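Here is the structure we will look at, set down as structure tokens.
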Amino acid sequence: MLDPPQAAVADEAASFTPAAFVQPAPPWPAGLGALRTDELIGPGVTHERWRLATALGPLELSILRIDLRNPNVSFAAATHHDAIIGAGEALSSMADRQRAEAGINADYFDIGGSGTPLNIVMSNGMVQHQSNGKAAFAVGPNNAVTMGPVSVRAHVTAADGSDSSIDSINDWSSTTRLALLTARLGTTEAGGASEVVLTPLDASGHYRVASVAAAPADLLPLGEHDYAIAARGAAADDLVQRFHAGDAVTLSFEATPPLSSLLIAVGGGPLLVRDGSYYEDPDAPAPQERDVRYPLTGAGLSPDGSRLLLVTVDGRAPGRSVGVTRPMFASLLIALGAATGMAFDSGGSTELVVRHLGEDKVSVANIPSDGRERSIADAVLVMNTAPPGRAVQLVLHAPARAVLVGNHLTLRVSAIDANDQPVALDAPAIAFTGEPASIFDISAGGRATAVRPGRATLRATAAGIAGSLDVAVVGAIAKLAISGYSRGLAAGSRTRLRAVATDAQGTPVAVDDQNVQWLASGDGGRVEQDGTFVASLRATRATLTARAGGALAQQVLLVGEHLQVVQAVPQSGSGPKQWRYAATPAELAAGLDNAPAPDNAAAMHLTFDFSSAAGTRAAYAESEVAFAGEPLAIALDVFGDGSGAWLRGGYKNSDGIADSVTLARHVDWKGWRTLRVAIPVQARWPITWTRLYVVESSKDAREAGDVWLRNFGAWYAGP
């Protein structure tokens with residue numbers, strides 16, 4: 001493995017420097033160059049961020065290195081809003097709620113449905129969700145990390161000696177017959193079930209029946225260490241007959257590995273590395289993603305079990321990071337020294353957060369492919385368990401580690417204790433100095449003016465403690481870019497644009513807003529001195545120019561938008577650009593034709609019946625419709641029948657990777673409605689539309705109905 005940094009300062013605007021990156025074996029691409037930045041996160045925990053040039057294209061990745069022998073390192077399993085069922089939550093929110101110093105996304109989940117993680121969840125030694133047999137990440141006493149399947153089954157022995165075996169744990173839907181529930185279930189919907197509440201008598205699995213409720217209106221409230229048995233149908237009758245308030249019962253778990261060896265566990269998969277070699281997991285989740293270059297998340301463990309790697313590789317960004325396949329990711333883990341390794345949920349869920357030294361909250365360390373944090377189901381959190389102490393060091397923060405001569409940096413100061421825990425800074429005054437003194441002129445409030453080019457160490461002292469930060473002053477800017485603009489601007493809108501300056505290595509260089517010169521040409525609008533662009537009231541275009549530090553950046557701005565209809569009436573059939581029927585499962589009752597809509601309008605007709613099958617069901621209209629350029633959004637007229645079905649669309653990127661979007665989460669209207677659905681910013685152009693489909697992933701839903709489709713096209717920016 002690469003040696004971790006000996007020391008580092010918290011730095012939101014990381015300074016990348018040339019470095020040697022280990023060369024993984026094929027199929028990892030040949031390396032052409034690497035830039036690295038690293039920082040200390042806490043005792044035994046360091047974070048590296050890499051920018052790689054490879055024969056395949058650019059790659060960006062984050063590596064969290066964790067010394068499992070450090071007594072101040074521990075782990076927690078977090079779930080969205082501390083629940084199993086319910087709306088997802090951003091990883092940063094989970095981490096901040098538990099005061100974590102780092103965290104990574106974990107399991108696949110029922111996205112768009114119950115939000116439930118698909119595999120095991122175990123927290124503080126208590127099982128919160130059953131396993132599904134796929135690979136899991138687990139931590140036991142003394143930070144013993146294992147990766148592989150975990151199986152769990154509960155057994156309840158009633159006072160009369162009869163035994164019940166329960167496979168479902170917090171898996172609660174209208175079709176569940178018998179389940180074990182905890183306080184973290186996330187819903188109170190009883191759905192006609194009967195319930196028995198068990199309160200612990202001791203730590204060895206003995207419980208007292210606190211209450212028995214036959215068909216309560218809502219599930220009964222549970223304490224943190226309570227369990228409940230909930231049942232429907234014949235199982236409910238049996239439950240209320242066998243259990244009575246005050247009974248002493250036994251609750252035990254049959255598990256592999258034994259639950260006594262586990263403190264936390266979260267699902268994921270596939271297992272990618274076993275005994276230092278690539279492993280083809282026969283129970284891989286989402287096996288169709290094996291050879292697709294995606295953003296990926298995973299973990300690797302050293303042969304002696306003393307060091308853990310948490311790794312993210314960004315993707316879906318051709319100009320910045322092209323993503324990797326699962327075999328490529330396995331090769332990376334092996335090259336980094338892993339003898340065992342696995343992946344977690346990937347794509348837009350891939351995320352790593354870290355808490356920079358001195359900060360109270362975490363920051364996102366990678367760049368999620370959605371362009372923002374995705375709400376997820378669960379996570380692995382890294383905790384600093386050292387008790388907070390008195391401040392022993394100041395930490396300086398700056399918006400950049402380089403600044404253009406004549407410009408300014410506003411310094412911010414926080415504090416840490418001897419174990420790198422953030423500490424409130426209670427100091428009457430902070431003194432700032434620079435060495436050499438000729439590089440910066442620093443005010444009492446921490447505003448540092450760059451006087452001449454060179455490198456300087458900025459220092460802060462207060463209440464007998466100090467901290468420092470190395471900063472460069474540059475005489476010119478290597479590259480200038482305009483940020484804040486995507487594919488178009490609304491007519492009449494005001495948009496604040498910024499000039500982003502970098503050095504030759506891509507490290508940010510601070511430039512005062514007032515020292516950037518802006519110019520707009522064309523009839524698309526005007527630009528104000530602070531970079532705010534005021535768009536004209538019609539669809540047109542403008543060219544925006546920014547100048548600073550001897551560098552120039554230009555950006556063509558498209559104002560307004562226009563619609564291009566590609567297929568006024570999509571045609572079913574087997575010919576080019578026609579739409580073909582497909583279904584999951586194949587025997588699903590559904591069909592595709594050009595029967596007119598109920599108002600006799602010409603349209604393509606998709607019918608579906610999800611009432612006779614379970615699991616994920618879908619009825620597809622499939623084709624290949626190429627869209628030129630970079631459309632803002634898809635346009636489609638849909639005649640709905642009020643069935644509430646989930647309408648989605650799929651497309652293929654220019655690199656062959658498939659993606660999908662939701663057109664309507666519920667078709668709950670009757671008659672025609674025009675839909676406009678934005679195409680994700682991470683799409684790789686040009687795209688080819690491949691499917692329009694109705695889908696249902698909830699095993700409880702049984703929709704059936706019809707939709708009619710017409711005026712399929714796209715909205716484009718500009719005239």
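Note on naming: chains are A, B, ... as they come in the structure tokens, residues start from 1 per chain, ligands start from 1 in the order shown.
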
Notebook entry, point to check: Using the chain letters and numbers from this document, which residues of stretch 141-303 of chain A does DSSP assign to strand (DSSP E or B), as a ChimeraX atom specification?
Noted result: /A:144-149,151-157,163-166,169,178-181,189,194-200,206-213,218,227-231,248-256,264-267,271-274,277-278,294,296-301

Can you write just those residues out, C-alpha atoms, as a CSV table (one decimal), in the first residue's frame?
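Full text of selection22.csv as output:
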chain,number,residue,atom,x,y,z
A,144,ALA,CA,-12.6,-7.5,13.1
A,145,VAL,CA,-13.9,-6.8,9.6
A,146,THR,CA,-15.4,-9.6,7.5
A,147,MET,CA,-17.0,-9.6,4.0
A,148,GLY,CA,-19.3,-12.2,2.7
A,149,PRO,CA,-22.9,-13.5,3.1
A,151,SER,CA,-27.6,-15.5,7.2
A,152,VAL,CA,-30.0,-14.8,10.1
A,153,ARG,CA,-33.2,-16.6,11.4
A,154,ALA,CA,-35.0,-15.7,14.6
A,155,HIS,CA,-36.6,-18.3,16.9
A,156,VAL,CA,-39.1,-17.5,19.5
A,157,THR,CA,-40.0,-20.1,22.2
A,163,ASP,CA,-41.2,-22.7,18.9
A,164,SER,CA,-41.7,-20.2,16.0
A,165,SER,CA,-39.1,-19.6,13.3
A,166,ILE,CA,-39.1,-16.1,11.8
A,169,ILE,CA,-37.1,-8.8,10.3
A,178,LEU,CA,-45.1,-13.2,10.1
A,179,ALA,CA,-42.3,-10.8,11.0
A,180,LEU,CA,-40.0,-9.7,13.9
A,181,LEU,CA,-40.1,-5.9,14.3
A,189,GLU,CA,-49.2,0.7,9.7
A,194,SER,CA,-52.0,-8.8,15.5
A,195,GLU,CA,-48.9,-8.0,17.6
A,196,VAL,CA,-47.0,-9.2,20.6
A,197,VAL,CA,-44.5,-6.9,22.3
A,198,LEU,CA,-41.4,-8.4,24.0
A,199,THR,CA,-39.4,-6.6,26.6
A,200,PRO,CA,-35.9,-7.9,27.6
A,206,HIS,CA,-35.1,-13.9,27.9
A,207,TYR,CA,-38.1,-11.6,27.3
A,208,ARG,CA,-41.3,-10.8,29.0
A,209,VAL,CA,-44.5,-10.4,27.0
A,210,ALA,CA,-45.4,-6.8,27.7
A,211,SER,CA,-48.6,-6.7,25.7
A,212,VAL,CA,-50.7,-8.7,23.2
A,213,ALA,CA,-52.9,-6.8,20.7
A,218,ASP,CA,-51.6,0.9,14.6
A,227,TYR,CA,-39.0,-6.6,19.8
A,228,ALA,CA,-42.4,-7.3,18.5
A,229,ILE,CA,-43.9,-10.2,16.7
A,230,ALA,CA,-46.5,-9.2,14.1
A,231,ALA,CA,-48.7,-11.7,12.2
A,248,ALA,CA,-41.6,-15.4,29.9
A,249,VAL,CA,-40.3,-16.3,26.4
A,250,THR,CA,-37.0,-16.8,24.7
A,251,LEU,CA,-35.8,-15.1,21.6
A,252,SER,CA,-32.7,-16.4,19.9
A,253,PHE,CA,-31.0,-16.0,16.5
A,254,GLU,CA,-29.6,-18.8,14.3
A,255,ALA,CA,-26.9,-17.0,12.3
A,256,THR,CA,-23.8,-17.6,10.2
A,264,ILE,CA,-22.6,-4.0,12.8
A,265,ALA,CA,-23.4,-5.3,9.4
A,266,VAL,CA,-24.7,-3.8,6.2
A,267,GLY,CA,-25.5,-5.3,2.8
A,271,LEU,CA,-17.8,-9.9,-3.3
A,272,LEU,CA,-14.9,-9.0,-5.7
A,273,VAL,CA,-11.7,-10.1,-4.1
A,274,ARG,CA,-11.0,-13.4,-2.2
A,277,SER,CA,-7.4,-12.7,-6.3
A,278,TYR,CA,-10.4,-11.7,-8.4
A,294,TYR,CA,-20.0,3.0,-13.5
A,296,LEU,CA,-18.3,2.4,-7.9
A,297,THR,CA,-18.1,2.2,-4.1
A,298,GLY,CA,-16.3,-0.6,-2.3
A,299,ALA,CA,-14.1,-1.8,0.6
A,300,GLY,CA,-10.9,-3.7,0.8
A,301,LEU,CA,-9.2,-5.5,3.7

Contact residues around A:Glu224 with only C-alpha atoms at 9 Å, ignoring same-chain residues under 3 positions, as a PDB file with N, CA and C atoms, in the first residue's frame:
ATOM      1  N   THR A 182     -38.687  -4.126  15.152  1.00  0.00           N
ATOM      2  CA  THR A 182     -37.968  -3.351  16.160  1.00  0.00           C
ATOM      3  C   THR A 182     -38.447  -1.904  16.107  1.00  0.00           C
ATOM      4  N   ALA A 183     -37.904  -1.097  17.006  1.00  0.00           N
ATOM      5  CA  ALA A 183     -38.292   0.309  17.072  1.00  0.00           C
ATOM      6  C   ALA A 183     -37.868   1.079  15.834  1.00  0.00           C
ATOM      7  N   ARG A 184     -36.964   0.500  15.032  1.00  0.00           N
ATOM      8  CA  ARG A 184     -36.487   1.191  13.840  1.00  0.00           C
ATOM      9  C   ARG A 184     -37.240   0.782  12.579  1.00  0.00           C
ATOM     10  N   TYR A 227     -38.575  -6.039  21.076  1.00  0.00           N
ATOM     11  CA  TYR A 227     -38.955  -6.647  19.811  1.00  0.00           C
ATOM     12  C   TYR A 227     -40.470  -6.811  19.808  1.00  0.00           C
TER      13      TYR A 227
END

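Interatomic distance, atom CA of A:Ala95 against atom CA of A:Leu259: 24.8 Å.
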
Margin query: Need to verify the contact set: A:Pro453, 6 Å, only C-alpha atoms, exclusion of same-chain residues closer than 3 positions in sequence. Can you return it as a ChimeraX atom specification?
Written below: /A:473-475

Write the residues of the preceding selection, restricted to N, CA and C atoms, as a PDB file, in the first residue's frame.
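Output (result_27.pdb):
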ATOM      1  N   VAL A 473       1.316  32.218  -3.777  1.00  0.00           N
ATOM      2  CA  VAL A 473       0.855  33.397  -4.510  1.00  0.00           C
ATOM      3  C   VAL A 473       1.416  33.291  -5.924  1.00  0.00           C
ATOM      4  N   VAL A 474       0.520  33.318  -6.916  1.00  0.00           N
ATOM      5  CA  VAL A 474       0.952  33.171  -8.309  1.00  0.00           C
ATOM      6  C   VAL A 474       0.807  34.499  -9.034  1.00  0.00           C
ATOM      7  N   GLY A 475       1.678  34.703 -10.024  1.00  0.00           N
ATOM      8  CA  GLY A 475       1.642  35.944 -10.787  1.00  0.00           C
ATOM      9  C   GLY A 475       0.704  35.896 -11.970  1.00  0.00           C
TER      10      GLY A 475
END

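Restricting the calculation to only C-alpha atoms, the smallest distance between A:Ile634 and any of A:Val566, A:Met604, A:Arg673, A:Ala704 is found for A:Val566.
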
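With atom CA of A:Ala87 on one side and atom CA of A:Gly186 on the other, the separation reads 9.4 Å.
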
Next item on the list: Tell me, as a PyMOL selection string, which residues lie within 9 Å of A:Ala391, counting only C-alpha atoms; anything in the same chain fewer than 2 positions away does not count.
Entry: chain A and resi 388-389+393-394+415-418+421-425+465

Could you dump the residues just selected with C-alpha atoms as a CSV table (one decimal), in the first residue's frame?
chain,number,residue,atom,x,y,z
A,388,PRO,CA,-13.3,15.4,23.4
A,389,GLY,CA,-10.5,17.2,25.2
A,393,GLN,CA,-4.0,23.0,17.8
A,394,LEU,CA,-5.6,25.6,15.5
A,415,ALA,CA,-9.5,24.0,16.7
A,416,ILE,CA,-8.9,20.3,17.4
A,417,ASP,CA,-7.9,18.4,20.5
A,418,ALA,CA,-5.0,15.9,20.9
A,421,GLN,CA,-11.8,15.9,17.6
A,422,PRO,CA,-13.2,19.3,16.7
A,423,VAL,CA,-13.3,21.7,19.7
A,424,ALA,CA,-15.2,25.0,20.1
A,425,LEU,CA,-12.7,27.8,19.8
A,465,ILE,CA,-2.1,27.3,20.7

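The residue that comes closest to A:Gln554, out of A:Thr37, A:Thr540, A:Ser438, A:Ser483 and on the basis of only C-alpha atoms, is A:Ser483.
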
Check: Which one is closest to A:His80: A:Leu352, A:Leu56, A:Ala377, A:Ala102? Count only C-alpha atoms.
Finding: A:Ala377

Note to self: as a ChimeraX atom specification, please: every residue in stretch 136-281 of chain A that DSSP puts in alpha helix (DSSP H).
What the structure shows: /A:234-242

Check: What is the distance, in Å and to one decimal place, between atom CA of A:Ile104 and atom CA of A:Leu64?
Finding: 9.6 Å

Item checked: Residues near A:Ala398, cut-off 7 Å, only C-alpha atoms, skip fewer than 4 positions along chain, as a ChimeraX atom specification -> /A:409-412

Okay, now the selection with C-alpha atoms, as a compact mmCIF listing (two decimals), in the first residue's frame?
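Result file result.txt:
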# COMPACT_ATOMS: atom_id res chain seq x y z
CA LEU A 409 -7.86 35.13 0.97
CA THR A 410 -10.23 35.28 3.93
CA LEU A 411 -8.87 32.93 6.60
CA ARG A 412 -11.07 30.97 8.95

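Among A:Ala539, A:Leu675, A:Leu40, A:Leu185, the residue with the shortest atom-to-atom distance to A:Ser114, counting only C-alpha atoms, is A:Leu185.
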
Just want the 12 Å neighbourhood of A:Arg232, counted on only C-alpha atoms, with same-chain residues fewer than 4 positions away dropped. Output as a PDB file with C-alpha atoms, in the first residue's frame.
ATOM      1  CA  TRP A 172     -43.280  -5.336   6.690  1.00  0.00           C
ATOM      2  CA  SER A 173     -45.745  -5.093   3.832  1.00  0.00           C
ATOM      3  CA  SER A 174     -49.330  -6.167   3.207  1.00  0.00           C
ATOM      4  CA  THR A 175     -48.154  -9.600   2.038  1.00  0.00           C
ATOM      5  CA  THR A 176     -45.975 -10.334   5.089  1.00  0.00           C
ATOM      6  CA  ARG A 177     -47.486 -13.150   7.170  1.00  0.00           C
ATOM      7  CA  LEU A 178     -45.058 -13.210  10.111  1.00  0.00           C
ATOM      8  CA  ALA A 179     -42.261 -10.786  11.037  1.00  0.00           C
ATOM      9  CA  ALA A 190     -50.616  -2.517  11.263  1.00  0.00           C
ATOM     10  CA  GLY A 191     -52.611  -3.539   8.189  1.00  0.00           C
ATOM     11  CA  GLY A 192     -54.913  -5.814  10.184  1.00  0.00           C
ATOM     12  CA  ALA A 193     -52.080  -7.710  11.855  1.00  0.00           C
ATOM     13  CA  SER A 194     -51.952  -8.847  15.476  1.00  0.00           C
ATOM     14  CA  GLU A 195     -48.906  -8.010  17.576  1.00  0.00           C
ATOM     15  CA  ALA A 214     -55.376  -8.436  18.300  1.00  0.00           C
ATOM     16  CA  ALA A 215     -55.683  -6.353  15.109  1.00  0.00           C
ATOM     17  CA  PRO A 216     -54.701  -2.961  16.599  1.00  0.00           C
ATOM     18  CA  ALA A 236     -52.234 -13.976  13.807  1.00  0.00           C
ATOM     19  CA  ASP A 237     -54.776 -16.332  15.406  1.00  0.00           C
ATOM     20  CA  ASP A 238     -51.962 -18.614  16.543  1.00  0.00           C
ATOM     21  CA  LEU A 239     -50.050 -15.644  17.947  1.00  0.00           C
ATOM     22  CA  VAL A 240     -52.790 -14.372  20.277  1.00  0.00           C
TER      23      VAL A 240
END

Notebook entry, point to check: Hey, what's within 12 Å of A:Ile111 if we count only C-alpha atoms and toss same-chain stuff fewer than 6 positions away? As a ChimeraX atom specification, please?
Noted result: /A:85-89,117-118,345,348-349,374-377,662,665,696-698
